[in-house]
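Structure file structure-v7.txt with compact mmCIF, C-alpha atoms and all ligand atoms:
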```txt
# COMPACT_ATOMS: atom_id res chain seq x y z
CA MET A 264 126.77 121.09 85.93
CA THR A 265 130.31 120.28 87.09
CA GLN A 266 130.22 118.71 90.51
CA PRO A 267 132.64 119.61 93.32
CA LYS A 268 135.50 117.21 93.99
CA TRP A 269 134.02 115.96 97.26
CA PHE A 270 130.99 114.83 95.25
CA THR A 271 132.78 113.01 92.45
CA ASP A 272 135.20 111.38 94.93
CA GLY A 273 132.55 110.35 97.43
CA PHE A 274 129.47 109.54 95.41
CA PRO A 275 130.73 106.12 94.17
CA HIS A 276 130.76 105.10 97.84
CA ILE A 277 127.23 106.16 98.72
CA TRP A 278 124.01 104.13 98.80
CA LEU A 279 120.98 106.42 98.65
CA PRO A 280 117.67 106.06 100.53
CA TYR A 281 114.66 104.56 98.73
CA SER A 282 116.52 104.60 95.43
CA GLN A 283 117.05 102.24 92.54
CA MET A 284 120.69 103.14 92.21
CA LYS A 285 120.71 102.13 88.55
CA THR A 286 118.12 104.66 87.47
CA ALA A 287 117.91 107.28 90.26
CA LEU A 288 118.56 110.87 89.32
CA PRO A 289 121.91 111.91 90.77
CA PRO A 290 121.33 113.90 93.96
CA LEU A 291 122.03 117.62 94.06
CA ALA A 292 125.15 118.82 95.85
CA ALA A 293 123.87 120.91 98.75
CA LYS A 294 126.18 123.55 100.14
CA SER A 295 124.27 125.40 102.82
CA THR A 296 120.85 126.17 104.22
CA GLN A 297 119.26 129.27 105.66
CA GLY A 298 115.62 129.91 106.55
CA CYS A 299 113.63 128.22 103.78
CA THR A 300 116.47 128.23 101.26
CA ILE A 301 118.76 125.41 100.23
CA THR A 302 121.86 126.65 98.39
CA LEU A 303 123.58 124.26 96.01
CA GLU A 304 127.31 124.03 95.35
CA ASP A 305 126.77 125.51 91.86
CA GLY A 306 125.15 128.59 93.37
CA ARG A 307 121.50 127.77 92.61
CA GLU A 308 119.01 128.44 95.38
CA LEU A 309 115.89 126.39 96.02
CA VAL A 310 112.90 127.38 98.14
CA ASP A 311 112.29 124.35 100.32
CA GLY A 312 108.75 122.98 100.36
CA ILE A 313 109.45 119.89 102.44
CA ALA A 314 111.44 121.13 105.44
CA SER A 315 113.77 118.14 105.22
CA TRP A 316 111.29 115.33 105.64
CA TRP A 317 109.03 117.52 107.82
CA THR A 318 111.59 118.30 110.50
CA ALA A 319 112.78 121.91 110.08
CA CYS A 320 109.66 123.56 111.48
CA HIS A 321 111.41 126.89 112.28
CA GLY A 322 113.34 126.91 109.01
CA TYR A 323 117.01 126.05 108.72
CA ASN A 324 119.74 127.39 111.01
CA HIS A 325 117.36 129.17 113.38
CA PRO A 326 119.77 131.22 115.52
CA HIS A 327 118.10 130.30 118.82
CA VAL A 328 118.37 126.55 118.16
CA SER A 329 121.88 126.85 116.68
CA GLN A 330 123.06 128.80 119.73
CA ALA A 331 121.62 126.21 122.12
CA ILE A 332 123.57 123.47 120.33
CA LYS A 333 126.75 125.58 120.30
CA ASP A 334 126.39 126.28 124.03
CA GLN A 335 125.86 122.62 124.79
CA VAL A 336 128.70 121.31 122.63
CA ASP A 337 131.40 122.82 124.82
CA VAL A 338 129.75 121.72 128.04
CA MET A 339 128.90 118.10 127.24
CA PRO A 340 128.21 116.92 123.68
CA HIS A 341 127.29 113.45 124.80
CA VAL A 342 127.33 111.21 127.82
CA MET A 343 125.88 107.73 128.21
CA PHE A 344 122.36 107.70 129.63
CA GLY A 345 122.93 104.46 131.54
CA GLY A 346 123.65 105.53 135.12
CA LEU A 347 124.01 109.21 134.18
CA ASN A 348 121.33 111.82 133.47
CA HIS A 349 121.67 115.45 132.45
CA GLU A 350 119.77 118.71 132.47
CA PRO A 351 118.82 118.94 128.76
CA ALA A 352 117.14 115.51 128.80
CA LEU A 353 115.31 115.89 132.10
CA LYS A 354 114.21 119.43 131.34
CA LEU A 355 112.84 118.26 128.01
CA ALA A 356 111.08 115.26 129.58
CA LYS A 357 109.31 117.57 132.04
CA ARG A 358 108.31 119.99 129.28
CA LEU A 359 106.97 117.24 127.04
CA SER A 360 104.99 115.72 129.92
CA ASP A 361 103.53 119.14 130.72
CA MET A 362 102.55 119.73 127.08
CA LEU A 363 101.04 116.33 126.42
CA PRO A 364 97.50 115.59 127.61
CA GLY A 365 96.58 113.37 130.55
CA ASP A 366 99.22 111.34 132.33
CA LEU A 367 101.60 110.83 129.40
CA ASN A 368 104.41 111.30 131.88
CA ARG A 369 107.29 108.94 131.12
CA VAL A 370 109.67 109.78 128.30
CA PHE A 371 111.90 107.07 126.80
CA TYR A 372 114.47 108.63 124.46
CA VAL A 373 115.85 107.05 121.31
CA ASP A 374 117.58 108.34 118.20
CA SER A 375 115.09 107.81 115.38
CA GLY A 376 111.37 107.68 114.74
CA SER A 377 111.44 104.02 113.73
CA VAL A 378 113.14 103.05 116.95
CA SER A 379 110.61 105.00 119.01
CA VAL A 380 107.89 102.89 117.35
CA GLU A 381 109.87 99.72 118.08
CA VAL A 382 110.09 100.80 121.72
CA ALA A 383 106.34 101.54 121.85
CA MET A 384 105.73 98.05 120.44
CA LYS A 385 108.06 96.44 122.98
CA MET A 386 106.44 98.42 125.82
CA SER A 387 103.01 97.19 124.70
CA ILE A 388 103.98 93.53 124.38
CA GLN A 389 105.79 93.49 127.70
CA TYR A 390 102.98 95.42 129.41
CA TRP A 391 100.69 92.42 128.89
CA ILE A 392 103.42 89.92 129.81
CA ASN A 393 104.06 91.80 133.04
CA LYS A 394 100.32 91.84 133.73
CA GLY A 395 100.24 88.07 133.33
CA GLN A 396 98.17 88.07 130.12
CA LYS A 397 99.87 85.69 127.74
CA GLY A 398 99.59 85.73 123.95
CA ARG A 399 98.89 89.44 123.50
CA SER A 400 101.70 90.27 121.12
CA LYS A 401 100.08 91.37 117.87
CA PHE A 402 99.31 94.84 116.61
CA VAL A 403 96.40 96.29 114.73
CA SER A 404 97.48 98.96 112.29
CA PHE A 405 95.84 100.59 109.28
CA LYS A 406 95.95 100.37 105.51
CA ASP A 407 98.07 103.18 104.07
CA GLY A 408 99.92 103.39 107.38
CA TYR A 409 103.67 103.84 107.70
CA HIS A 410 105.70 103.74 110.90
CA GLY A 411 109.33 103.38 109.86
CA ASP A 412 111.76 101.05 108.14
CA THR A 413 112.95 98.62 110.82
CA LEU A 414 111.54 95.09 110.85
CA GLY A 415 108.93 95.68 113.56
CA CYS A 416 107.82 98.93 111.93
CA MET A 417 107.64 97.31 108.51
CA SER A 418 105.37 94.62 109.93
CA ILE A 419 102.71 97.18 110.84
CA ALA A 420 102.87 99.12 107.56
CA ASP A 421 100.30 98.54 104.85
CA PRO A 422 101.49 95.25 103.30
CA GLU A 423 100.03 96.07 99.88
CA GLU A 424 100.76 99.73 99.45
CA GLY A 425 103.78 99.99 101.71
CA MET A 426 107.39 100.33 100.63
CA HIS A 427 108.17 97.06 102.32
CA HIS A 428 106.22 94.43 100.44
CA VAL A 429 109.38 92.58 99.35
CA PHE A 430 109.85 91.62 102.98
CA ASN A 431 106.31 90.31 103.47
CA ASP A 432 107.47 86.71 103.84
CA VAL A 433 109.73 87.44 106.77
CA LEU A 434 107.74 90.08 108.63
CA PHE A 435 105.83 89.34 111.84
CA ASP A 436 102.23 88.55 111.18
CA GLN A 437 100.08 91.53 112.20
CA PHE A 438 96.53 92.76 111.62
CA VAL A 439 96.27 95.56 109.08
CA VAL A 440 92.69 96.85 108.77
CA ASP A 441 90.78 99.67 107.07
CA VAL A 442 90.73 103.07 108.73
CA PRO A 443 87.19 103.06 110.16
CA ARG A 444 85.93 106.11 108.29
CA SER A 445 82.30 104.98 107.82
CA GLN A 446 79.83 103.58 110.35
CA ASN A 447 80.10 100.18 108.67
CA GLN A 448 83.88 100.20 108.90
CA LEU A 449 83.66 101.23 112.53
CA GLN A 450 81.36 98.30 113.29
CA GLU A 451 83.77 95.97 111.49
CA PHE A 452 86.67 97.42 113.46
CA ASP A 453 84.76 96.96 116.71
CA ALA A 454 83.86 93.35 115.84
CA PHE A 455 87.47 92.66 114.80
CA LEU A 456 88.87 93.89 118.09
CA ALA A 457 86.22 91.95 120.02
CA LYS A 458 87.16 88.75 118.20
CA HIS A 459 90.95 89.07 118.45
CA LYS A 460 91.48 91.00 121.66
CA GLY A 461 93.18 88.03 123.35
CA GLU A 462 95.96 88.24 120.73
CA ILE A 463 96.31 92.02 120.46
CA ALA A 464 98.79 94.15 122.39
CA ALA A 465 97.86 97.51 120.87
CA VAL A 466 96.25 99.45 118.06
CA ILE A 467 98.69 101.86 116.42
CA THR A 468 97.91 104.74 114.09
CA GLU A 469 99.25 107.94 112.67
CA PRO A 470 96.68 110.49 113.84
CA LEU A 471 94.73 112.52 111.21
CA VAL A 472 97.31 112.11 108.42
CA GLN A 473 98.95 108.95 107.12
CA GLY A 474 102.07 110.60 105.80
CA ALA A 475 104.42 108.34 103.85
CA GLY A 476 101.45 106.16 102.82
CA GLY A 477 100.28 109.00 100.56
CA MET A 478 99.16 111.83 102.87
CA LYS A 479 95.76 110.21 103.43
CA MET A 480 93.68 112.14 105.93
CA PHE A 481 90.86 111.32 108.32
CA SER A 482 88.81 113.34 110.75
CA PRO A 483 89.29 113.82 114.49
CA ASP A 484 86.02 111.88 114.99
CA VAL A 485 87.50 108.84 113.28
CA LEU A 486 90.55 109.09 115.54
CA LYS A 487 88.35 109.43 118.61
CA ASN A 488 86.32 106.37 117.57
CA MET A 489 89.50 104.32 117.10
CA ARG A 490 90.66 105.30 120.55
CA GLU A 491 87.32 104.60 122.22
CA THR A 492 86.95 101.22 120.49
CA ALA A 493 90.43 100.17 121.64
CA ARG A 494 89.58 101.26 125.18
CA LYS A 495 86.26 99.39 125.07
CA HIS A 496 88.14 96.15 124.38
CA ASP A 497 90.94 96.87 126.84
CA ILE A 498 93.54 97.16 124.08
CA LEU A 499 96.38 99.67 124.28
CA PHE A 500 96.35 102.61 121.86
CA ILE A 501 99.57 104.03 120.39
CA VAL A 502 99.72 107.17 118.27
CA ASP A 503 102.66 107.80 116.00
CA GLU A 504 102.92 111.62 115.93
CA ILE A 505 106.38 111.51 114.38
CA PHE A 506 105.11 113.46 111.36
CA THR A 507 102.06 115.22 112.82
CA GLY A 508 103.53 116.40 116.14
CA PHE A 509 104.60 119.97 116.90
CA GLY A 510 102.05 122.00 115.01
CA ARG A 511 102.02 120.38 111.58
CA THR A 512 98.25 119.69 111.58
CA GLY A 513 97.29 123.04 113.13
CA THR A 514 97.39 122.06 116.81
CA MET A 515 100.49 121.25 118.81
CA PHE A 516 99.63 117.56 118.52
CA ALA A 517 97.07 115.99 116.19
CA ILE A 518 95.51 114.16 119.16
CA ASP A 519 94.53 117.56 120.60
CA GLN A 520 91.91 117.86 117.83
CA ALA A 521 90.26 114.61 118.91
CA ASP A 522 90.70 115.33 122.60
CA ILE A 523 92.12 111.87 123.31
CA VAL A 524 94.89 110.48 125.46
CA PRO A 525 96.70 107.49 123.91
CA ASP A 526 98.57 105.03 126.12
CA ILE A 527 101.84 105.72 124.28
CA ILE A 528 102.81 108.51 121.87
CA CYS A 529 105.84 108.48 119.55
CA LEU A 530 107.53 111.79 118.73
CA SER A 531 110.45 112.71 116.49
CA LYS A 532 111.17 114.86 113.40
CA ALA A 533 110.18 118.43 114.45
CA LEU A 534 110.91 117.46 118.09
CA SER A 535 114.50 118.63 117.53
CA ALA A 536 113.61 121.20 114.85
CA GLY A 537 115.42 119.36 112.06
CA MET A 538 118.80 119.90 113.69
CA LEU A 539 119.80 116.59 115.25
CA PRO A 540 118.36 113.08 115.43
CA LEU A 541 116.06 112.59 118.41
CA ALA A 542 112.87 110.67 119.12
CA CYS A 543 110.97 109.36 122.09
CA ALA A 544 108.12 107.14 123.17
CA VAL A 545 106.10 108.74 125.96
CA ALA A 546 104.02 106.40 128.11
CA ARG A 547 101.10 106.94 130.48
CA ASP A 548 101.56 106.18 134.16
CA HIS A 549 99.78 102.85 134.04
CA ILE A 550 102.15 101.61 131.32
CA PHE A 551 105.21 102.66 133.31
CA GLU A 552 103.84 101.16 136.52
CA ALA A 553 103.37 97.75 134.86
CA PHE A 554 107.17 97.55 134.59
CA LEU A 555 107.80 98.14 138.30
CA SER A 556 108.56 95.05 140.34
CA ASP A 557 111.35 93.33 142.26
CA SER A 558 112.34 91.38 139.15
CA PHE A 559 114.76 92.67 136.55
CA ASP A 560 112.86 90.58 133.99
CA ASP A 561 109.94 93.02 134.27
CA ALA A 562 112.10 96.01 133.25
CA LEU A 563 112.12 97.45 129.73
CA GLN A 564 115.13 96.04 127.92
CA HIS A 565 116.18 98.83 125.60
CA GLY A 566 118.91 101.47 125.61
CA PRO A 567 120.38 102.94 122.42
CA THR A 568 123.95 104.22 122.68
CA TYR A 569 123.03 107.79 121.72
CA MET A 570 119.85 107.84 123.78
CA ALA A 571 118.98 111.34 125.03
CA ASN A 572 121.99 112.91 123.31
CA PRO A 573 122.47 116.25 125.11
CA LEU A 574 122.99 118.23 121.88
CA ALA A 575 119.73 116.90 120.44
CA CYS A 576 117.88 117.53 123.71
CA ALA A 577 119.29 121.09 123.83
CA ALA A 578 118.01 121.63 120.28
CA ALA A 579 114.59 120.28 121.28
CA ASN A 580 114.40 122.55 124.33
CA ALA A 581 115.31 125.53 122.17
CA SER A 582 112.67 124.50 119.66
CA LEU A 583 110.04 124.40 122.39
CA ASP A 584 111.17 127.90 123.49
CA LEU A 585 110.32 129.09 119.99
CA PHE A 586 106.88 127.48 120.13
CA ASP A 587 106.38 129.38 123.42
CA GLN A 588 107.76 132.70 122.21
CA GLU A 589 106.76 132.93 118.57
CA PRO A 590 103.31 132.57 116.97
CA ARG A 591 103.93 129.20 115.31
CA LEU A 592 100.35 127.90 115.38
CA GLU A 593 99.07 131.22 113.95
CA GLN A 594 101.68 130.86 111.21
CA VAL A 595 100.34 127.38 110.49
CA GLN A 596 96.81 128.82 110.17
CA HIS A 597 98.12 131.48 107.81
CA ILE A 598 99.90 128.87 105.67
CA ASN A 599 96.71 126.81 105.70
CA ARG A 600 94.66 129.72 104.31
CA LYS A 601 97.21 130.42 101.62
CA LEU A 602 97.43 126.74 100.66
CA ARG A 603 93.62 126.59 100.41
CA ASN A 604 93.55 129.60 98.09
CA ALA A 605 96.40 128.40 95.92
CA LEU A 606 95.84 124.64 95.75
CA THR A 607 92.03 124.39 95.52
CA PRO A 608 91.90 125.75 91.93
CA MET A 609 94.39 123.03 90.88
CA GLN A 610 91.49 120.58 91.15
CA SER A 611 90.54 121.66 87.62
CA ILE A 612 93.91 120.64 86.12
CA LYS A 613 93.46 117.54 83.98
CA GLY A 614 94.78 114.43 85.76
CA VAL A 615 94.35 115.85 89.27
CA ARG A 616 92.37 113.48 91.48
CA ASP A 617 92.12 115.18 94.85
CA ILE A 618 93.34 118.17 96.81
CA ARG A 619 93.87 117.74 100.57
CA ILE A 620 94.90 120.45 102.97
CA LEU A 621 95.36 120.24 106.72
CA GLY A 622 97.41 122.60 108.88
CA ALA A 623 100.64 123.29 107.02
CA ILE A 624 100.26 120.28 104.72
CA GLY A 625 99.11 120.77 101.12
CA VAL A 626 98.61 117.74 98.89
CA VAL A 627 97.72 117.34 95.23
CA GLN A 628 96.91 113.74 94.37
CA VAL A 629 96.94 112.79 90.70
CA TRP A 630 95.56 109.74 88.88
CA ASP A 631 98.91 108.71 87.44
CA ILE A 632 102.12 110.59 88.12
CA LYS A 633 103.61 109.30 84.82
CA ASP A 634 107.24 110.33 85.08
CA SER A 635 108.15 111.53 88.56
CA ASN A 636 111.71 112.34 87.46
CA TRP A 637 110.29 114.80 84.93
CA LEU A 638 108.37 116.53 87.73
CA LYS A 639 111.37 116.57 90.06
CA GLU A 640 113.57 118.16 87.41
CA ARG A 641 110.97 120.75 86.45
CA PHE A 642 110.56 121.81 90.08
CA ILE A 643 114.31 122.33 90.37
CA GLU A 644 114.27 124.43 87.20
CA GLU A 645 111.55 126.51 88.89
CA GLY A 646 113.85 127.04 91.90
CA VAL A 647 111.78 125.01 94.36
CA TRP A 648 112.46 121.84 96.29
CA LEU A 649 109.40 119.61 95.97
CA ARG A 650 109.61 115.82 95.79
CA PRO A 651 106.60 114.01 94.36
CA PHE A 652 106.16 110.44 95.55
CA ARG A 653 103.63 107.69 94.81
CA ASP A 654 100.72 109.62 93.29
CA ILE A 655 101.13 112.87 95.21
CA ILE A 656 102.83 116.21 94.92
CA TYR A 657 102.83 117.83 98.34
CA MET A 658 104.29 120.58 100.44
CA THR A 659 105.05 120.71 104.15
CA PRO A 660 107.02 123.95 104.48
CA ALA A 661 108.66 125.41 107.56
CA PHE A 662 106.12 127.37 109.61
CA THR A 663 108.32 130.44 109.26
CA ILE A 664 108.07 130.52 105.47
CA SER A 665 107.42 133.99 104.03
CA ASP A 666 104.43 134.79 101.79
CA ASP A 667 106.77 135.33 98.84
CA GLU A 668 108.43 131.97 99.34
CA LEU A 669 105.11 130.19 99.72
CA ASP A 670 103.80 131.94 96.58
CA LYS A 671 106.90 130.74 94.76
CA LEU A 672 106.19 127.15 95.81
CA THR A 673 102.49 127.19 94.92
CA GLY A 674 103.11 129.14 91.69
CA ALA A 675 105.70 126.58 90.60
CA MET A 676 103.33 123.77 91.48
CA ALA A 677 100.53 125.26 89.39
CA ARG A 678 102.79 125.92 86.39
CA VAL A 679 104.50 122.53 86.46
CA LEU A 680 101.25 120.60 86.95
CA THR A 681 99.57 122.47 84.12
CA GLN A 682 102.47 121.62 81.83
CA TRP A 683 102.50 118.01 83.12
CA SER A 684 98.77 117.66 82.34
CA LYS A 685 99.55 118.24 78.67
CA LEU A 686 102.34 115.66 78.42
N1 LIG B 1 106.49 107.22 111.64
C1 LIG B 1 106.10 108.17 110.79
C2 LIG B 1 104.68 108.61 110.81
C3 LIG B 1 107.01 108.74 109.90
O1 LIG B 1 106.58 109.68 109.05
C4 LIG B 1 108.36 108.32 109.92
C5 LIG B 1 109.41 108.90 108.98
N2 LIG B 1 108.99 109.37 107.79
C6 LIG B 1 108.74 107.33 110.83
C7 LIG B 1 107.78 106.81 111.68
C8 LIG B 1 110.16 106.82 110.89
O2 LIG B 1 111.00 107.77 111.43
P1 LIG B 1 112.58 107.70 111.13
O3 LIG B 1 112.77 107.91 109.68
O4 LIG B 1 113.16 108.79 111.98
O5 LIG B 1 113.04 106.35 111.58
```

Reformat the file's structure so that it appears as structure tokens.
Ligand code: PMP
Amino acid sequence: MTQPKWFTDGFPHIWLPYSQMKTALPPLAAKSTQGCTITLEDGRELVDGIASWWTACHGYNHPHVSQAIKDQVDVMPHVMFGGLNHEPALKLAKRLSDMLPGDLNRVFYVDSGSVSVEVAMKMSIQYWINKGQKGRSKFVSFKDGYHGDTLGCMSIADPEEGMHHVFNDVLFDQFVVDVPRSQNQLQEFDAFLAKHKGEIAAVITEPLVQGAGGMKMFSPDVLKNMRETARKHDILFIVDEIFTGFGRTGTMFAIDQADIVPDIICLSKALSAGMLPLACAVARDHIFEAFLSDSFDDALQHGPTYMANPLACAAANASLDLFDQEPRLEQVQHINRKLRNALTPMQSIKGVRDIRILGAIGVVQVWDIKDSNWLKERFIEEGVWLRPFRDIIYMTPAFTISDDELDKLTGAMARVLTQWSKL
């Protein structure tokens, strides 16, 4: 395919994400998006199965979200959040507090998921400092976990499986333990927290699905047990709902299925409907109150330049309107049924190891992916945008995807995997 001039001129100056630049397939030149379709510069159209890293929950260019951004851009595209506040941010903070369970009432805005996790970590460490408990600065996280790419986030990822093992020597020393799925593991987890509680600031987990670590799932009971065990030992509990939040697992938040209230929750991705970068860490009242005093030293020292960007907050408010006005969670249930019907039979394809489905997430895990570039290219030939990684081929479509589009995705997956099994 001949590439447009902007591509050939600009590509030599680009460094791609998670890519060995020597061997990576050249990226496709995207021209436009609409609904669940990505149109390429050469005219090809792809049905999107990933919703741009799980963000575009209402599909691309949803007119209600686009209009909200357009309206905001002429009024005030950005203003610093230090000393100034604005309606989109405060309205959104109130709505999020109303939606979240318990007293998760204080919203701290940032501009990416990783940074919201960094802020949750800083809140937790300083919480104990402000309470006069010294030495509680470590985190307990879980194998197969992933929380972002900054140094603090890398330190709580799975050190073996994670994408960050090259940095192991320089990362902060943390505790990474097994997800307590069995009774034995739960007892070990309990004993571990009992032994180390004087060193631990918080336990942090992705609830129900460990996304980038390979879409590993666990039950609401496991999540509830984690939460209760942390509470028992007076350790803070952080949930990273950056991937799972806003309907992806079938409920508005994954924590709703376990009926728990974490001390801090991190939100991003679908928060702003895949339109603009936005994230936040939302804290319970007792966390916030631990920072109140007559000393500036007790205050939270964080404040990104683009914090609470009004355009992004306007997009997020418009996205929440759509969750209020349109049957998103029913659409997730519908997608779930269709994924069950279409993906379950793929268990019989040679080389397939496991099929996992939750909410609008469908995962086929294989024993050995062999050549992921071959799979990626075949999917594009089929007119679908699916990106296998590690040992999984998965889909996380927009909740607004049509039956025909979803059939196209699952049909392509079945055909390509069947062909792949014979390689
Ligand atoms: N936590 C989870 C669970 C994620 O899935 C991601 C992104 N894939 C992050 C944190 C990091 O978010 P960001 O890429 O916006 O920094």

Give me, as a tab-separated table, each residue of chain A that comes within 9 Å of ligand LIG 1 (chain B), together with its shortest interatomic pair and the distance in Å at one decimal, counting all atoms listed in the file, with rows ordered by chain and rising residue number.
```
residue	atom	partner	partner_atom	distance
A:Trp316	CA	B:LIG1	N2	6.7
A:Trp317	CA	B:LIG1	N2	8.2
A:Asp374	CA	B:LIG1	O4	7.6
A:Ser375	CA	B:LIG1	O4	4.0
A:Gly376	CA	B:LIG1	O2	3.3
A:Ser377	CA	B:LIG1	O5	3.6
A:Val378	CA	B:LIG1	O5	6.3
A:Ser379	CA	B:LIG1	O5	7.9
A:Val380	CA	B:LIG1	C7	6.9
A:Gly408	CA	B:LIG1	C2	7.9
A:Tyr409	CA	B:LIG1	C2	5.8
A:His410	CA	B:LIG1	N1	3.6
A:Gly411	CA	B:LIG1	C8	3.7
A:Asp412	CA	B:LIG1	O5	6.4
A:Thr413	CA	B:LIG1	O5	7.8
A:Cys416	CA	B:LIG1	C7	7.9
A:Thr468	CA	B:LIG1	C2	8.5
A:Glu469	CA	B:LIG1	C2	5.8
A:Pro470	CA	B:LIG1	C2	8.8
A:Val472	CA	B:LIG1	C2	8.5
A:Gln473	CA	B:LIG1	C2	6.8
A:Gly474	CA	B:LIG1	O1	5.6
A:Ala475	CA	B:LIG1	O1	5.8
A:Gly476	CA	B:LIG1	O1	8.8
A:Asp503	CA	B:LIG1	C2	5.6
A:Glu504	CA	B:LIG1	C2	6.2
A:Ile505	CA	B:LIG1	C2	4.9
A:Phe506	CA	B:LIG1	O1	4.7
A:Thr507	CA	B:LIG1	C2	7.4
A:Cys529	CA	B:LIG1	N1	8.0
A:Leu530	CA	B:LIG1	N1	8.5
A:Ser531	CA	B:LIG1	O4	6.6
A:Lys532	CA	B:LIG1	O4	6.5
A:Pro540	CA	B:LIG1	O4	7.6
A:Leu541	CA	B:LIG1	O4	8.0
A:Ala542	CA	B:LIG1	O4	7.4
```

Please, what distance in Å, to one decimal, runs between CA of Thr673 in chain A and CA of Leu602 in chain A?
7.7 Å

Of the listed residues A:Leu471, A:Ala581, A:Ala465, A:Leu434, that which approaches Gly622 in chain A most closely, counting all atoms listed in the file
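Answer, going by the shortest atom-to-atom distance: A:Leu471.
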
Considering all atoms listed in the file, return as a tab-separated table (two decimals) with C-alpha atoms, in the coordinates of the input whatever protein or nucleic-acid residues lie within 9 Å of Ile598 in chain A, sequence-local ones (same chain, fewer than 4 positions apart) excluded.
```
chain	number	residue	atom	x	y	z
A	593	GLU	CA	99.07	131.22	113.95
A	594	GLN	CA	101.68	130.86	111.21
A	602	LEU	CA	97.43	126.74	100.66
A	603	ARG	CA	93.62	126.59	100.41
A	622	GLY	CA	97.41	122.60	108.88
A	623	ALA	CA	100.64	123.29	107.02
A	624	ILE	CA	100.26	120.28	104.72
A	660	PRO	CA	107.02	123.95	104.48
A	662	PHE	CA	106.12	127.37	109.61
A	664	ILE	CA	108.07	130.52	105.47
A	666	ASP	CA	104.43	134.79	101.79
A	669	LEU	CA	105.11	130.19	99.72
```

Would you please work out which residue, of A:Lys487, A:Gly306, A:Ser535, A:Pro590, is nearest to Leu355 in chain A when using only C-alpha atoms?
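When distances to Leu355 in chain A are compared using only C-alpha atoms, the smallest one comes from A:Ser535.
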
Compile the contact shell of Asp561 in chain A as a PDB file with C-alpha atoms, in the coordinates of the input: residues with an atom at most 8 Å away, counting only C-alpha atoms, same-chain residues fewer than 5 positions apart removed.
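That gives us selection-v2.pdb:
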```pdb
ATOM      1  CA  GLN A 389     105.790  93.490 127.700  1.00  0.00           C
ATOM      2  CA  ASN A 393     104.060  91.800 133.040  1.00  0.00           C
ATOM      3  CA  PHE A 554     107.170  97.550 134.590  1.00  0.00           C
ATOM      4  CA  LEU A 555     107.800  98.140 138.300  1.00  0.00           C
ATOM      5  CA  SER A 556     108.560  95.050 140.340  1.00  0.00           C
TER       6      SER A 556
END
```

Leu303 in chain A proximity check over A:Leu291, A:Ile523, A:Val439, A:Ile618, using only C-alpha atoms: winner is A:Leu291

Which residues are near Ala454 in chain A? Cut-off 12 Å, all atoms listed in the file, ignore same chain within fewer than 3 positions. Put them as an MDAnalysis selection string.
chainID A and resid 440 443 447:451 457:460 492:493 495:496

Applying 7 Å and only C-alpha atoms, which residues near Val629 in chain A remain after dropping the ones on its own chain fewer than 6 positions away? List them as number ranges by chain.
A: 614-617, 654-655

Straight-line distance linking CA of Trp683 in chain A with CA of Ile656 in chain A, stated in Å to one decimal
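Computing the Euclidean distance for CA of Trp683 in chain A and CA of Ile656 in chain A yields 11.9 Å.
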
Near-range 386-388 of chain A list (8 Å; only C-alpha atoms; drop same-chain fewer than 2 positions) as a list in words:
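Near range 386-388 of chain A, the qualifying residues are Val382, Ala383, Met384, Tyr390, Trp391, Ile392, Arg399, Ser400, Lys401, Ala464, Ala465, Leu499, Ile550 and Leu563 of chain A.
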
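Take the candidates A:Leu680, A:Arg653, A:Lys639, A:Met478 and check each one against Pro608 in chain A using only C-alpha atoms; the shortest distance goes to A:Leu680.
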
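For the pair CA of Leu347 in chain A and CA of Gly566 in chain A, the separation is 12.6 Å.
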
Using only C-alpha atoms, which of the listed residues (A:Asp631, A:Pro573, A:Arg511, A:His428) sits closest to Leu686 in chain A?
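Checking each candidate against Leu686 in chain A, we get A:Asp631 as the closest.
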
Using all atoms listed in the file, which of A:Gly477, A:Gly625, A:Pro364, A:Gly346 sits nearest Phe516 in chain A?
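That would be A:Pro364, the residue with the smallest distance to Phe516 in chain A.
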
May I have the protein, DNA and RNA residues with any atom at most 12 Å from the point (112.0, 128.4, 89.6), counting only C-alpha atoms, written as a short mmCIF file (atom, residue, chain, number, x, y, z; two decimals) with C-alpha atoms, in the frame of the given file?
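Writing done, so here's point03.cif:
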```cif
data_model
loop_
_atom_site.label_atom_id
_atom_site.label_comp_id
_atom_site.auth_asym_id
_atom_site.auth_seq_id
_atom_site.Cartn_x
_atom_site.Cartn_y
_atom_site.Cartn_z
CA ARG A 307 121.50 127.77 92.61
CA GLU A 308 119.01 128.44 95.38
CA LEU A 309 115.89 126.39 96.02
CA VAL A 310 112.90 127.38 98.14
CA ASP A 311 112.29 124.35 100.32
CA LYS A 639 111.37 116.57 90.06
CA GLU A 640 113.57 118.16 87.41
CA ARG A 641 110.97 120.75 86.45
CA PHE A 642 110.56 121.81 90.08
CA ILE A 643 114.31 122.33 90.37
CA GLU A 644 114.27 124.43 87.20
CA GLU A 645 111.55 126.51 88.89
CA GLY A 646 113.85 127.04 91.90
CA VAL A 647 111.78 125.01 94.36
CA TRP A 648 112.46 121.84 96.29
CA LEU A 649 109.40 119.61 95.97
CA GLU A 668 108.43 131.97 99.34
CA ASP A 670 103.80 131.94 96.58
CA LYS A 671 106.90 130.74 94.76
CA LEU A 672 106.19 127.15 95.81
CA THR A 673 102.49 127.19 94.92
CA GLY A 674 103.11 129.14 91.69
CA ALA A 675 105.70 126.58 90.60
CA MET A 676 103.33 123.77 91.48
CA ALA A 677 100.53 125.26 89.39
CA ARG A 678 102.79 125.92 86.39
CA VAL A 679 104.50 122.53 86.46
#
```
